[in-house]
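J.: Please find one structure pasted underneath; my questions will follow.
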Amino acid sequence: MELICPAGTPASLEAAVEAGADAIYCGFRDETNARNFPGLNFSRDELKKSIAFAHRHGVKVLVAINTFARAGSFGLWQAAIDDAVAAGADALILADLATLDYAARRHPAQRLHVSVQAGAANPDAIRFYAESFGARRVVLPRVLNVMEIAAIVRESAVETEVFVFGGLCVMEEGRCSLSSYATGQSPNMNGVCSPASDVAYAERDGQVVSTLGGFTINSFGKGEPAGYPTLCKGRFATPKGSGYIFEEPVSLDAAVMLPALRDAGVTAFKIEGRQRGRAYIAGVVRSFRKILAAIDEGRSPPAADLAAMAEGQTSTVGAYRKGWR
Amino acid sequence: MPESETTGLRVMPPRLPSWLSRAVAPLPLAPLQPALALMLARISRAHPDLYDRLGNHAEKRFGIGPTDLPFAFVLEPRPSRPLARAVRSLPGGLDASIRGPLAGLIGMAEGTLDGDALFFSRVLWVEGDVAAALALRNAIDDARIDFGKLLLGGFGPLGVRFADAVRQRIRTLPAAGGTSWS
């Protein structure tokens, strides 16, 4: 079982290597990757040096070029693909059909992974990516339970990768327009969900109020754990009362599901969080490394104890155990 | 899972005791200014990549407010004439300000504590230009700055050892928000 870890900076990449990552995913400092946040990501030179560092330690680097190319600017995505291949990327993580097609034709020997942003959630979709572009792995959307994942693995010839920890999108990966509605920018097109430039916090009557593009997203009372200022995890006033109508501020923690996911035939476990600091990356990667080692040796895995790292300081196993749709 | 065994993640910073805050409150800030200027000059020289990450945000004015100290800091990281100074309270007109316990701010800057986790736990508070604050956080996180060594490294191995001892002592203090370091 591979442990795939995030890195938003070269320092984070080195922290992930030292903490025991099998592979690290990262992206360029532009809108070609879905974590296009201020002060984050890699220059071309940094990526080249970081890949060399990772390879010296036997760790793979997967480059996420997983936004959807904007009409008239496809050159930006083509250059990202060419430069990532030239830097020695072990795989490219792509979502847009145009980028997959370009990469498959231009760099036929390059290993391609289908990003979670592509929303490939059934064997037919996965087969299409494999047959059309030679994709070797698909990152499954966080909408499937373990039985569904097992069924997909049985019917698919490609490897599967699933998220096991970190931020949780609410079922519309690759198709979400909530951030666009509030700010004009989206994770799918611009690489930013709830861009920081549109976020503001203010203290009102002892409450911390978060706004996004002028919309009030949430209000946290004294001592109440906070969450990211995303519309999907906002508190809404409705005729039936106020509350979270999409999802609560909560992070995925599927540590207890790892044995079941392994038995389902999953190839790789992925940790979300390229936007997080070195402390998060080192701590979470080290925790999951210990848990995986214990599972491999047939021992009881140690408790992950990662609640404080979670959004809203609350965790869920998400759809892996959900019975509803 | 056995309850006694955990993966032991450090997440919460300690808070300086209130007596310390009261004790340093009457002291003049003037002696701090040259030390801050020296530290910032060393950071600028040793970590030029920091400015690539900051981009346009390098020209902004940041307030750093330790909630357990009776003074704060104003930081203007611009590459041409970086400026850092201690102030009794944060002035108006700052682009962004970040407040939290001193150990939390240092831990986040040195990469031993996660800024988002501090924010989720309400230990950390960001005001103003959130993009600028994020860029500063990410740039400093990547730079791997050891503030103790920068400030006291000029005193040789003794200074480095003193910085480590202070850091160890701070870790034994009660955590902000009532949770202790594990």
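Letters A, B, ... mark the chains of the structure tokens in the order given; residue numbers begin at 1 per chain; ligand numbers begin at 1, in order shown.
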Please provide as a PDB file with N, CA and C atoms, in the first residue's frame all residues within 12 Å of Leu140 of chain A, with the sequence filter that same-chain residues fewer than 5 positions apart are discarded (counting only C-alpha atoms).
T.:
ATOM      1  N   ALA A  95      -7.001  16.103 -14.982  1.00  0.00           N
ATOM      2  CA  ALA A  95      -8.450  15.967 -14.902  1.00  0.00           C
ATOM      3  C   ALA A  95      -9.128  16.283 -16.234  1.00  0.00           C
ATOM      4  N   HIS A 113      -2.105   9.807 -14.161  1.00  0.00           N
ATOM      5  CA  HIS A 113      -3.126   9.481 -13.172  1.00  0.00           C
ATOM      6  C   HIS A 113      -4.335  10.396 -13.400  1.00  0.00           C
ATOM      7  N   VAL A 114      -5.519   9.870 -13.179  1.00  0.00           N
ATOM      8  CA  VAL A 114      -6.733  10.671 -13.331  1.00  0.00           C
ATOM      9  C   VAL A 114      -7.047  11.325 -11.987  1.00  0.00           C
ATOM     10  N   SER A 115      -7.080  12.649 -11.980  1.00  0.00           N
ATOM     11  CA  SER A 115      -7.309  13.401 -10.741  1.00  0.00           C
ATOM     12  C   SER A 115      -8.709  13.169 -10.197  1.00  0.00           C
ATOM     13  N   VAL A 116      -8.827  13.366  -8.892  1.00  0.00           N
ATOM     14  CA  VAL A 116     -10.139  13.312  -8.251  1.00  0.00           C
ATOM     15  C   VAL A 116     -11.070  14.359  -8.879  1.00  0.00           C
ATOM     16  N   GLN A 117     -10.479  15.428  -9.422  1.00  0.00           N
ATOM     17  CA  GLN A 117     -11.274  16.489 -10.043  1.00  0.00           C
ATOM     18  C   GLN A 117     -12.044  15.991 -11.264  1.00  0.00           C
ATOM     19  N   ALA A 118     -11.591  14.865 -11.844  1.00  0.00           N
ATOM     20  CA  ALA A 118     -12.286  14.337 -13.015  1.00  0.00           C
ATOM     21  C   ALA A 118     -13.606  13.675 -12.622  1.00  0.00           C
ATOM     22  N   GLY A 119     -13.743  13.335 -11.358  1.00  0.00           N
ATOM     23  CA  GLY A 119     -14.993  12.748 -10.886  1.00  0.00           C
ATOM     24  C   GLY A 119     -15.293  11.386 -11.508  1.00  0.00           C
ATOM     25  N   ALA A 120     -14.271  10.590 -11.755  1.00  0.00           N
ATOM     26  CA  ALA A 120     -14.471   9.256 -12.353  1.00  0.00           C
ATOM     27  C   ALA A 120     -14.905   8.286 -11.258  1.00  0.00           C
ATOM     28  N   ALA A 121     -16.193   8.005 -11.197  1.00  0.00           N
ATOM     29  CA  ALA A 121     -16.747   7.277 -10.059  1.00  0.00           C
ATOM     30  C   ALA A 121     -17.406   5.955 -10.446  1.00  0.00           C
ATOM     31  N   ASN A 122     -17.151   5.486 -11.667  1.00  0.00           N
ATOM     32  CA  ASN A 122     -17.705   4.180 -12.040  1.00  0.00           C
ATOM     33  C   ASN A 122     -16.772   3.507 -13.046  1.00  0.00           C
ATOM     34  N   PRO A 123     -16.884   2.176 -13.204  1.00  0.00           N
ATOM     35  CA  PRO A 123     -15.933   1.448 -14.056  1.00  0.00           C
ATOM     36  C   PRO A 123     -15.934   1.918 -15.510  1.00  0.00           C
ATOM     37  N   ALA A 125     -16.451   4.985 -16.719  1.00  0.00           N
ATOM     38  CA  ALA A 125     -15.675   6.230 -16.821  1.00  0.00           C
ATOM     39  C   ALA A 125     -14.187   5.930 -16.709  1.00  0.00           C
ATOM     40  N   ILE A 126     -13.840   5.075 -15.780  1.00  0.00           N
ATOM     41  CA  ILE A 126     -12.423   4.748 -15.567  1.00  0.00           C
ATOM     42  C   ILE A 126     -11.860   4.035 -16.799  1.00  0.00           C
ATOM     43  N   ASN A 145     -18.731   4.373  -1.049  1.00  0.00           N
ATOM     44  CA  ASN A 145     -18.471   3.598   0.155  1.00  0.00           C
ATOM     45  C   ASN A 145     -17.525   2.439  -0.196  1.00  0.00           C
ATOM     46  N   VAL A 146     -17.092   1.711   0.813  1.00  0.00           N
ATOM     47  CA  VAL A 146     -16.047   0.703   0.608  1.00  0.00           C
ATOM     48  C   VAL A 146     -16.517  -0.408  -0.341  1.00  0.00           C
ATOM     49  N   GLU A 148     -18.629  -0.148  -2.789  1.00  0.00           N
ATOM     50  CA  GLU A 148     -18.615   0.387  -4.163  1.00  0.00           C
ATOM     51  C   GLU A 148     -17.181   0.453  -4.694  1.00  0.00           C
ATOM     52  N   ILE A 149     -16.255   0.829  -3.818  1.00  0.00           N
ATOM     53  CA  ILE A 149     -14.843   0.873  -4.235  1.00  0.00           C
ATOM     54  C   ILE A 149     -14.364  -0.526  -4.602  1.00  0.00           C
ATOM     55  N   ALA A 150     -14.737  -1.499  -3.800  1.00  0.00           N
ATOM     56  CA  ALA A 150     -14.336  -2.885  -4.090  1.00  0.00           C
ATOM     57  C   ALA A 150     -14.892  -3.325  -5.444  1.00  0.00           C
ATOM     58  N   ILE A 152     -15.642  -1.376  -7.991  1.00  0.00           N
ATOM     59  CA  ILE A 152     -14.913  -0.652  -9.040  1.00  0.00           C
ATOM     60  C   ILE A 152     -13.554  -1.311  -9.282  1.00  0.00           C
ATOM     61  N   VAL A 153     -12.866  -1.649  -8.197  1.00  0.00           N
ATOM     62  CA  VAL A 153     -11.541  -2.272  -8.325  1.00  0.00           C
ATOM     63  C   VAL A 153     -11.653  -3.593  -9.097  1.00  0.00           C
ATOM     64  N   VAL A 158      -7.117  -0.496 -13.964  1.00  0.00           N
ATOM     65  CA  VAL A 158      -6.143   0.496 -13.491  1.00  0.00           C
ATOM     66  C   VAL A 158      -6.091   0.508 -11.962  1.00  0.00           C
ATOM     67  N   GLU A 159      -5.013   1.075 -11.456  1.00  0.00           N
ATOM     68  CA  GLU A 159      -4.857   1.200 -10.003  1.00  0.00           C
ATOM     69  C   GLU A 159      -5.835   2.241  -9.464  1.00  0.00           C
ATOM     70  N   THR A 160      -6.160   2.104  -8.177  1.00  0.00           N
ATOM     71  CA  THR A 160      -7.042   3.096  -7.551  1.00  0.00           C
ATOM     72  C   THR A 160      -6.344   3.725  -6.347  1.00  0.00           C
ATOM     73  N   GLU A 161      -6.634   5.015  -6.158  1.00  0.00           N
ATOM     74  CA  GLU A 161      -6.074   5.773  -5.042  1.00  0.00           C
ATOM     75  C   GLU A 161      -7.242   6.461  -4.351  1.00  0.00           C
ATOM     76  N   VAL A 162      -7.252   6.441  -3.018  1.00  0.00           N
ATOM     77  CA  VAL A 162      -8.368   7.080  -2.296  1.00  0.00           C
ATOM     78  C   VAL A 162      -7.829   8.009  -1.214  1.00  0.00           C
ATOM     79  N   PHE A 163      -8.582   9.057  -0.936  1.00  0.00           N
ATOM     80  CA  PHE A 163      -8.224   9.968   0.151  1.00  0.00           C
ATOM     81  C   PHE A 163      -8.534   9.297   1.491  1.00  0.00           C
ATOM     82  N   VAL A 164      -7.615   9.457   2.444  1.00  0.00           N
ATOM     83  CA  VAL A 164      -7.850   8.893   3.776  1.00  0.00           C
ATOM     84  C   VAL A 164      -7.794   9.941   4.877  1.00  0.00           C
ATOM     85  N   MET A 171     -19.062  16.101  -2.274  1.00  0.00           N
ATOM     86  CA  MET A 171     -19.720  15.279  -3.298  1.00  0.00           C
ATOM     87  C   MET A 171     -19.773  15.866  -4.697  1.00  0.00           C
ATOM     88  N   GLU A 173     -16.935  17.007  -6.581  1.00  0.00           N
ATOM     89  CA  GLU A 173     -15.574  17.279  -7.027  1.00  0.00           C
ATOM     90  C   GLU A 173     -15.519  17.458  -8.540  1.00  0.00           C
ATOM     91  N   GLY A 174     -14.887  18.530  -8.953  1.00  0.00           N
ATOM     92  CA  GLY A 174     -14.775  18.814 -10.378  1.00  0.00           C
ATOM     93  C   GLY A 174     -15.994  19.495 -10.964  1.00  0.00           C
ATOM     94  N   VAL A 266      -7.588  -1.354  -2.960  1.00  0.00           N
ATOM     95  CA  VAL A 266      -7.050  -0.017  -3.232  1.00  0.00           C
ATOM     96  C   VAL A 266      -5.515  -0.076  -3.253  1.00  0.00           C
ATOM     97  N   THR A 267      -4.906   0.638  -4.203  1.00  0.00           N
ATOM     98  CA  THR A 267      -3.444   0.619  -4.338  1.00  0.00           C
ATOM     99  C   THR A 267      -2.765   1.639  -3.428  1.00  0.00           C
ATOM    100  N   ALA A 268      -3.382   2.835  -3.306  1.00  0.00           N
ATOM    101  CA  ALA A 268      -2.681   3.920  -2.628  1.00  0.00           C
ATOM    102  C   ALA A 268      -3.631   4.744  -1.768  1.00  0.00           C
ATOM    103  N   PHE A 269      -3.107   5.203  -0.629  1.00  0.00           N
ATOM    104  CA  PHE A 269      -3.855   6.054   0.288  1.00  0.00           C
ATOM    105  C   PHE A 269      -3.302   7.472   0.212  1.00  0.00           C
ATOM    106  N   LYS A 270      -4.200   8.430   0.084  1.00  0.00           N
ATOM    107  CA  LYS A 270      -3.769   9.806  -0.154  1.00  0.00           C
ATOM    108  C   LYS A 270      -4.164  10.728   1.005  1.00  0.00           C
ATOM    109  N   ALA A 319     -18.032   9.313   3.146  1.00  0.00           N
ATOM    110  CA  ALA A 319     -18.893   8.404   2.374  1.00  0.00           C
ATOM    111  C   ALA A 319     -18.468   6.944   2.526  1.00  0.00           C
ATOM    112  N   TYR A 320     -17.256   6.704   3.031  1.00  0.00           N
ATOM    113  CA  TYR A 320     -16.811   5.310   3.127  1.00  0.00           C
ATOM    114  C   TYR A 320     -17.777   4.455   3.926  1.00  0.00           C
TER     115      TYR A 320
END
J.: Based on only C-alpha atoms, which of the residues in chain A come within 6 Å of chain B? I want them as a ChimeraX atom specification.
T.: /A:9,11,38-39,196-197,201,225-227,277-280,283,287,300,302-304,309,312
J.: With N, CA and C atoms retained, could you export that selection as a tab-separated table (two decimals), in the first residue's frame?
T.:
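File again_1.tsv, as written:
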chain	number	residue	atom	x	y	z
A	9	THR	N	5.26	23.28	-0.64
A	9	THR	CA	6.55	23.97	-0.79
A	9	THR	C	7.67	22.92	-0.78
A	11	ALA	N	10.10	22.79	1.24
A	11	ALA	CA	10.34	22.40	2.64
A	11	ALA	C	9.32	21.36	3.09
A	38	PRO	N	-1.91	31.76	-2.22
A	38	PRO	CA	-0.80	32.72	-2.08
A	38	PRO	C	0.40	32.12	-1.33
A	39	GLY	N	1.59	32.32	-1.92
A	39	GLY	CA	2.82	31.87	-1.25
A	39	GLY	C	3.07	30.39	-1.33
A	196	ALA	N	-8.33	33.38	-0.90
A	196	ALA	CA	-8.04	34.16	0.32
A	196	ALA	C	-8.29	35.65	0.11
A	197	SER	N	-8.10	36.11	-1.14
A	197	SER	CA	-8.29	37.54	-1.41
A	197	SER	C	-9.75	37.97	-1.21
A	201	TYR	N	-12.35	38.15	7.99
A	201	TYR	CA	-12.82	37.76	9.32
A	201	TYR	C	-13.05	39.02	10.13
A	225	PRO	N	-14.85	25.61	17.80
A	225	PRO	CA	-13.85	25.38	16.76
A	225	PRO	C	-14.29	25.98	15.42
A	226	ALA	N	-13.31	26.50	14.68
A	226	ALA	CA	-13.62	27.18	13.41
A	226	ALA	C	-13.37	26.25	12.23
A	227	GLY	N	-13.89	26.67	11.06
A	227	GLY	CA	-13.67	25.92	9.83
A	227	GLY	C	-13.24	26.86	8.72
A	277	GLY	N	0.87	23.60	6.51
A	277	GLY	CA	2.28	23.81	6.80
A	277	GLY	C	3.05	22.51	7.02
A	278	ARG	N	4.36	22.68	7.24
A	278	ARG	CA	5.23	21.51	7.45
A	278	ARG	C	4.80	20.69	8.67
A	279	ALA	N	4.32	21.37	9.70
A	279	ALA	CA	3.96	20.66	10.93
A	279	ALA	C	2.83	19.67	10.67
A	280	TYR	N	1.83	20.09	9.90
A	280	TYR	CA	0.72	19.21	9.54
A	280	TYR	C	1.23	18.03	8.72
A	283	GLY	N	3.47	15.65	10.70
A	283	GLY	CA	2.71	14.96	11.74
A	283	GLY	C	1.73	13.94	11.19
A	287	SER	N	2.03	9.83	11.34
A	287	SER	CA	0.96	9.06	11.98
A	287	SER	C	0.46	7.94	11.08
A	300	SER	N	-2.37	-4.17	16.24
A	300	SER	CA	-3.42	-3.16	16.37
A	300	SER	C	-2.81	-1.81	16.04
A	302	PRO	N	-1.95	2.13	16.11
A	302	PRO	CA	-2.08	3.17	17.14
A	302	PRO	C	-3.16	4.16	16.75
A	303	ALA	N	-3.80	4.77	17.76
A	303	ALA	CA	-4.80	5.82	17.48
A	303	ALA	C	-4.11	6.99	16.82
A	304	ALA	N	-4.74	7.55	15.79
A	304	ALA	CA	-4.09	8.61	15.03
A	304	ALA	C	-3.98	9.92	15.81
A	309	MET	N	-5.91	18.59	14.13
A	309	MET	CA	-5.51	18.98	12.78
A	309	MET	C	-6.71	19.14	11.85
A	312	GLY	N	-12.65	22.34	11.98
A	312	GLY	CA	-13.67	22.27	13.02
A	312	GLY	C	-13.30	21.33	14.14
J.: Using DSSP secondary structure from the backbone, list all strand (DSSP E) positions within segment 91-276 of chain A, as a ChimeraX atom specification.
T.: /A:91-94,112-114,137-139,159-166,199-204,207-212,215-220,235-238,241-244,251-253,268-271
J.: Write out the residues from the selection above, keeping C-alpha atoms, as a compact mmCIF listing (two decimals), in the first residue's frame.
T.:
# COMPACT_ATOMS: atom_id res chain seq x y z
CA ALA A 91 3.37 10.75 -12.88
CA LEU A 92 1.09 13.59 -13.89
CA ILE A 93 -2.26 13.99 -12.16
CA LEU A 94 -4.72 15.34 -14.75
CA LEU A 112 -0.76 9.47 -16.14
CA HIS A 113 -3.13 9.48 -13.17
CA VAL A 114 -6.73 10.67 -13.33
CA ARG A 137 -4.35 5.12 -11.93
CA VAL A 138 -7.53 6.90 -10.92
CA VAL A 139 -8.01 8.95 -7.77
CA GLU A 159 -4.86 1.20 -10.00
CA THR A 160 -7.04 3.10 -7.55
CA GLU A 161 -6.07 5.77 -5.04
CA VAL A 162 -8.37 7.08 -2.30
CA PHE A 163 -8.22 9.97 0.15
CA VAL A 164 -7.85 8.89 3.78
CA PHE A 165 -7.26 12.18 5.59
CA GLY A 166 -7.80 15.92 5.23
CA VAL A 199 -12.08 36.14 2.60
CA ALA A 200 -12.49 38.40 5.61
CA TYR A 201 -12.82 37.76 9.32
CA ALA A 202 -14.34 40.16 11.80
CA GLU A 203 -15.27 40.07 15.45
CA ARG A 204 -18.89 41.02 16.19
CA GLN A 207 -18.46 36.06 17.63
CA VAL A 208 -15.95 35.56 14.84
CA VAL A 209 -17.74 36.14 11.55
CA SER A 210 -16.25 34.86 8.30
CA THR A 211 -17.28 36.28 4.94
CA LEU A 212 -16.51 35.26 1.37
CA PHE A 215 -21.44 36.77 1.80
CA THR A 216 -21.51 35.84 5.46
CA ILE A 217 -20.36 32.23 5.63
CA ASN A 218 -20.33 31.44 9.30
CA SER A 219 -20.25 32.81 12.81
CA PHE A 220 -18.33 31.04 15.54
CA ARG A 235 -24.29 28.01 8.16
CA PHE A 236 -27.48 28.99 6.39
CA ALA A 237 -30.74 30.50 7.61
CA THR A 238 -33.66 28.54 6.15
CA GLY A 241 -34.08 26.93 10.99
CA SER A 242 -30.40 27.79 10.81
CA GLY A 243 -27.61 25.31 10.42
CA TYR A 244 -25.28 23.46 8.12
CA SER A 251 -12.27 16.71 7.91
CA LEU A 252 -11.95 13.21 6.57
CA ASP A 253 -10.10 10.75 8.80
CA ALA A 268 -2.68 3.92 -2.63
CA PHE A 269 -3.86 6.05 0.29
CA LYS A 270 -3.77 9.81 -0.15
CA ILE A 271 -3.49 12.59 2.40
J.: So how many Å separate atom CA of Pro82 of chain B and atom CA of Ser50 of chain A, to one decimal?
T.: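 So the two atoms, atom CA of Pro82 of chain B and atom CA of Ser50 of chain A, lie 28.9 Å apart.
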J.: Of the residues B:Ile106, B:Ala25, B:Leu94, B:Val87, which is the one nearest to Leu69 of chain B, using only C-alpha atoms?
T.: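 Going through B:Ile106, B:Ala25, B:Leu94, B:Val87 one by one, the smallest distance to Leu69 of chain B is for B:Ala25.
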J.: I'd like the interatomic distance between atom CA of Ala254 of chain A and atom CA of Thr316 of chain A, to a tenth of an Å.
T.: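 These atoms are spaced 7.3 Å apart.
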J.: Grab the atom CA of Glu59 of chain B to atom CA of Pro79 of chain B distance for me, in Å with one decimal place.
T.: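 Separation between atom CA of Glu59 of chain B and atom CA of Pro79 of chain B: 8.2 Å.
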J.: Restricting the calculation to only C-alpha atoms, which member of A:Leu168, A:Ile281, A:Met1, A:Ile24 is positioned closest to Leu261 of chain A?
T.: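 Of A:Leu168, A:Ile281, A:Met1, A:Ile24, the one nearest Leu261 of chain A, counting only C-alpha atoms, is A:Met1.
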J.: Please identify all polymer residues within 12 Å of Pro70 of chain B, counting only C-alpha atoms, omitting same-chain residues fewer than 4 positions from it, and present them as a ChimeraX atom specification.
T.: /B:16-29,65-66,86-90,101-102
J.: Would you save the residues of that selection, restricted to N, CA and C atoms, as a JSON list (two decimals), in the first residue's frame?
T.:
[["chain", "number", "residue", "atom", "x", "y", "z"],
["B", 16, "LEU", "N", 2.37, 32.01, 27.76],
["B", 16, "LEU", "CA", 3.31, 32.54, 28.75],
["B", 16, "LEU", "C", 2.54, 32.91, 30.01],
["B", 17, "PRO", "N", 3.15, 32.71, 31.18],
["B", 17, "PRO", "CA", 2.43, 33.05, 32.42],
["B", 17, "PRO", "C", 2.16, 34.56, 32.52],
["B", 18, "SER", "N", 1.05, 34.90, 33.14],
["B", 18, "SER", "CA", 0.65, 36.31, 33.19],
["B", 18, "SER", "C", 1.65, 37.15, 33.99],
["B", 19, "TRP", "N", 2.32, 36.52, 34.98],
["B", 19, "TRP", "CA", 3.30, 37.29, 35.78],
["B", 19, "TRP", "C", 4.44, 37.79, 34.88],
["B", 20, "LEU", "N", 4.78, 36.99, 33.86],
["B", 20, "LEU", "CA", 5.87, 37.38, 32.98],
["B", 20, "LEU", "C", 5.45, 38.60, 32.15],
["B", 21, "SER", "N", 4.19, 38.55, 31.69],
["B", 21, "SER", "CA", 3.66, 39.67, 30.93],
["B", 21, "SER", "C", 3.67, 40.94, 31.77],
["B", 22, "ARG", "N", 3.24, 40.80, 33.04],
["B", 22, "ARG", "CA", 3.22, 41.98, 33.94],
["B", 22, "ARG", "C", 4.64, 42.47, 34.21],
["B", 23, "ALA", "N", 5.57, 41.53, 34.32],
["B", 23, "ALA", "CA", 6.95, 41.89, 34.67],
["B", 23, "ALA", "C", 7.64, 42.67, 33.55],
["B", 24, "VAL", "N", 7.35, 42.30, 32.30],
["B", 24, "VAL", "CA", 8.05, 42.97, 31.19],
["B", 24, "VAL", "C", 7.31, 44.23, 30.71],
["B", 25, "ALA", "N", 6.06, 44.39, 31.17],
["B", 25, "ALA", "CA", 5.25, 45.53, 30.69],
["B", 25, "ALA", "C", 5.92, 46.89, 30.89],
["B", 26, "PRO", "N", 6.57, 47.15, 32.06],
["B", 26, "PRO", "CA", 7.15, 48.49, 32.24],
["B", 26, "PRO", "C", 8.47, 48.69, 31.49],
["B", 27, "LEU", "N", 9.05, 47.63, 30.97],
["B", 27, "LEU", "CA", 10.36, 47.77, 30.34],
["B", 27, "LEU", "C", 10.27, 48.55, 29.03],
["B", 28, "PRO", "N", 11.32, 49.33, 28.73],
["B", 28, "PRO", "CA", 11.30, 50.09, 27.47],
["B", 28, "PRO", "C", 11.47, 49.15, 26.28],
["B", 29, "LEU", "N", 10.90, 49.52, 25.14],
["B", 29, "LEU", "CA", 11.00, 48.69, 23.94],
["B", 29, "LEU", "C", 12.26, 49.00, 23.13],
["B", 65, "GLY", "N", 0.81, 40.13, 16.69],
["B", 65, "GLY", "CA", 0.39, 40.45, 18.05],
["B", 65, "GLY", "C", 0.38, 39.25, 18.97],
["B", 66, "PRO", "N", 1.45, 39.07, 19.77],
["B", 66, "PRO", "CA", 1.41, 37.99, 20.76],
["B", 66, "PRO", "C", 0.40, 38.34, 21.85],
["B", 86, "ALA", "N", 9.12, 46.86, 17.44],
["B", 86, "ALA", "CA", 8.21, 46.53, 18.54],
["B", 86, "ALA", "C", 7.37, 47.76, 18.86],
["B", 87, "VAL", "N", 6.09, 47.52, 19.15],
["B", 87, "VAL", "CA", 5.17, 48.62, 19.48],
["B", 87, "VAL", "C", 4.33, 48.20, 20.70],
["B", 88, "ARG", "N", 3.83, 49.19, 21.42],
["B", 88, "ARG", "CA", 3.01, 48.87, 22.60],
["B", 88, "ARG", "C", 1.70, 48.20, 22.20],
["B", 89, "SER", "N", 1.11, 48.68, 21.10],
["B", 89, "SER", "CA", -0.10, 48.03, 20.56],
["B", 89, "SER", "C", -0.10, 48.23, 19.04],
["B", 90, "LEU", "N", -0.79, 47.37, 18.35],
["B", 90, "LEU", "CA", -0.77, 47.43, 16.88],
["B", 90, "LEU", "C", -1.46, 48.70, 16.39],
["B", 101, "PRO", "N", -0.83, 33.33, 20.91],
["B", 101, "PRO", "CA", 0.22, 33.24, 21.93],
["B", 101, "PRO", "C", 1.60, 33.25, 21.27],
["B", 102, "LEU", "N", 2.60, 33.83, 21.97],
["B", 102, "LEU", "CA", 3.94, 33.96, 21.40],
["B", 102, "LEU", "C", 4.48, 32.60, 20.92]]
